[in-house]
file query.cif (mmCIF, C-alpha atoms; chains and numbers go by the auth columns)
data_data
loop_
_atom_site.group_PDB
_atom_site.id
_atom_site.type_symbol
_atom_site.label_atom_id
_atom_site.label_comp_id
_atom_site.label_asym_id
_atom_site.label_seq_id
_atom_site.Cartn_x
_atom_site.Cartn_y
_atom_site.Cartn_z
_atom_site.B_iso_or_equiv
_atom_site.auth_seq_id
_atom_site.auth_asym_id
ATOM 1 C CA MET A 1 11.453 -3.987 17.403 0.00 172 A
ATOM 2 C CA ALA A 2 8.339 -1.978 16.555 0.00 173 A
ATOM 3 C CA ILE A 3 7.742 1.696 17.231 0.00 174 A
ATOM 4 C CA PRO A 4 5.002 1.731 19.880 0.00 175 A
ATOM 5 C CA ASN A 5 3.078 4.841 18.810 0.00 176 A
ATOM 6 C CA VAL A 6 2.809 4.132 15.071 0.00 177 A
ATOM 7 C CA LYS A 7 -0.789 3.904 13.918 0.00 178 A
ATOM 8 C CA ARG A 8 -1.922 2.042 10.818 0.00 179 A
ATOM 9 C CA PHE A 9 -4.612 3.647 8.677 0.00 180 A
ATOM 10 C CA ARG A 10 -6.410 2.128 5.668 0.00 181 A
ATOM 11 C CA PRO A 11 -8.067 5.032 3.805 0.00 182 A
ATOM 12 C CA PHE A 12 -10.130 4.483 0.662 0.00 183 A
ATOM 13 C CA CYS A 13 -9.051 6.144 -2.583 0.00 184 A
ATOM 14 C CA PRO A 14 -12.069 6.900 -4.824 0.00 185 A
ATOM 15 C CA THR A 15 -9.848 7.210 -7.919 0.00 186 A
ATOM 16 C CA CYS A 16 -8.286 3.747 -7.522 0.00 187 A
ATOM 17 C CA ASN A 17 -11.418 2.265 -5.890 0.00 188 A
ATOM 18 C CA GLU A 18 -9.157 0.532 -3.360 0.00 189 A
ATOM 19 C CA ASN A 19 -7.871 0.869 0.180 0.00 190 A
ATOM 20 C CA PHE A 20 -4.185 1.501 0.800 0.00 191 A
ATOM 21 C CA THR A 21 -2.099 1.413 3.968 0.00 192 A
ATOM 22 C CA ILE A 22 -0.541 4.413 5.684 0.00 193 A
ATOM 23 C CA MET A 23 1.577 4.058 8.797 0.00 194 A
ATOM 24 C CA ALA A 24 2.120 7.321 10.653 0.00 195 A
ATOM 25 C CA VAL A 25 2.952 8.856 14.004 0.00 196 A
ATOM 26 C CA LEU A 26 0.567 11.745 14.619 0.00 197 A
ATOM 27 C CA PRO A 27 0.718 14.347 17.392 0.00 198 A
ATOM 28 C CA ARG A 28 -1.918 14.133 20.137 0.00 199 A
ATOM 29 C CA ASN A 29 -3.836 17.212 19.010 0.00 200 A
ATOM 30 C CA ALA A 30 -3.818 16.315 15.294 0.00 201 A
ATOM 31 C CA ASP A 31 -7.093 15.923 13.407 0.00 202 A
ATOM 32 C CA VAL A 32 -6.983 12.369 12.033 0.00 203 A
ATOM 33 C CA ASP A 33 -9.796 12.870 9.501 0.00 204 A
ATOM 34 C CA LYS A 34 -8.104 15.966 8.071 0.00 205 A
ATOM 35 C CA TYR A 35 -4.776 14.109 7.836 0.00 206 A
ATOM 36 C CA LEU A 36 -6.360 11.137 6.039 0.00 207 A
ATOM 37 C CA ALA A 37 -8.197 13.427 3.596 0.00 208 A
ATOM 38 C CA ASP A 38 -4.879 15.121 2.791 0.00 209 A
ATOM 39 C CA ALA A 39 -3.136 11.742 2.412 0.00 210 A
ATOM 40 C CA VAL A 40 -5.785 10.521 -0.047 0.00 211 A
ATOM 41 C CA GLY A 41 -5.302 13.752 -1.999 0.00 212 A
ATOM 42 C CA ARG A 42 -1.534 13.139 -2.184 0.00 213 A
ATOM 43 C CA HIS A 43 -1.911 9.440 -3.051 0.00 214 A
ATOM 44 C CA ASP A 44 0.068 8.452 -6.182 0.00 215 A
ATOM 45 C CA HIS A 45 -2.402 6.306 -8.118 0.00 216 A
ATOM 46 C CA LYS A 46 -0.051 5.308 -10.929 0.00 217 A
ATOM 47 C CA ALA A 47 2.775 4.156 -8.661 0.00 218 A
ATOM 48 C CA TYR A 48 0.337 2.233 -6.449 0.00 219 A
ATOM 49 C CA GLN A 49 -1.124 0.354 -9.430 0.00 220 A
ATOM 50 C CA GLU A 50 2.352 -0.384 -10.876 0.00 221 A
ATOM 51 C CA SER A 51 3.647 -1.737 -7.571 0.00 222 A
ATOM 52 C CA LYS A 52 0.550 -3.872 -7.197 0.00 223 A
ATOM 53 C CA GLN A 53 1.011 -5.302 -10.706 0.00 224 A
ATOM 54 C CA ALA A 54 4.705 -6.012 -10.048 0.00 225 A
ATOM 55 C CA HIS A 55 3.827 -7.824 -6.822 0.00 226 A
ATOM 56 C CA PHE A 56 1.265 -10.135 -8.425 0.00 227 A
ATOM 57 C CA LYS A 57 3.036 -10.605 -11.745 0.00 228 A
ATOM 58 C CA ILE A 58 2.516 -14.041 -13.238 0.00 229 A
ATOM 59 C CA ARG A 59 5.683 -15.491 -14.671 0.00 230 A
ATOM 60 C CA VAL A 60 5.127 -17.526 -17.814 0.00 231 A
ATOM 61 C CA GLY A 61 7.633 -20.030 -19.157 0.00 232 A
ATOM 62 C CA GLN A 62 9.842 -20.211 -16.087 0.00 233 A
ATOM 63 C CA GLN A 63 8.404 -23.235 -14.365 0.00 234 A
ATOM 64 C CA LYS A 64 10.717 -25.536 -12.502 0.00 235 A
ATOM 65 C CA GLN A 65 12.041 -28.264 -14.786 0.00 236 A
ATOM 66 C CA LYS A 66 12.211 -31.901 -13.710 0.00 237 A
ATOM 67 C CA LYS A 67 15.588 -33.591 -13.893 0.00 238 A
ATOM 68 C CA ALA A 68 15.742 -36.648 -16.108 0.00 239 A
ATOM 69 C CA LYS A 69 17.329 -39.715 -14.495 0.00 240 A
#

call {"tool": "encode", "arguments": {"input": "query.cif", "output": "structure tokens"}}
result
Amino acid sequence: MAIPNVKRFRPFCPTCNENFTIMAVLPRNADVDKYLADAVGRHDHKAYQESKQAHFKIRVGQQKQKKAK
């Protein structure tokens, strides 16, 4: 079951040159632009790149083998 007031943001990081996803619940009177600027400033570039590489890692030499009859 989803949380109804969670908003999804996709800010752009100029250091990584990529968009990343932030899901947050913000108060009604919060400044969204200020929050996103702070989130981009706190963005961990190294961890983001490592997780992206681990997700799309190409496995070599572990193809499925055919059974001989």

call {"tool": "residues_around", "arguments": {"input": "query.cif", "residues": "segment 177-184 of chain A", "least_positions_apart": "5", "cutoff": "6 Å", "atoms": "all atoms listed in the file", "output": "list in words"}}
result
Glu189, Asn190, Phe191, Thr192, Ile193, Met194, Ala195 and Val196 of chain A

call {"tool": "residues_around", "arguments": {"input": "query.cif", "residues": "Lys217 of chain A", "least_positions_apart": "6", "cutoff": "12 Å", "atoms": "all atoms listed in the file", "output": "list of chain:residue names"}}
result
A:Thr186, A:Cys187, A:Lys223, A:Gln224

call {"tool": "closest_residue", "arguments": {"input": "query.cif", "among": "A:Ala201, A:Val211, A:Phe227, A:Ser222", "to": "Asn188 of chain A", "atoms": "only C-alpha atoms"}}
result
A:Val211

call {"tool": "atom_distance", "arguments": {"input": "query.cif", "atom1": "atom CA of Tyr219 of chain A", "atom2": "atom CA of Ile174 of chain A"}}
result
24.8 Å

call {"tool": "atom_distance", "arguments": {"input": "query.cif", "atom1": "atom CA of Leu197 of chain A", "atom2": "atom CA of Asn176 of chain A"}}
result
8.5 Å
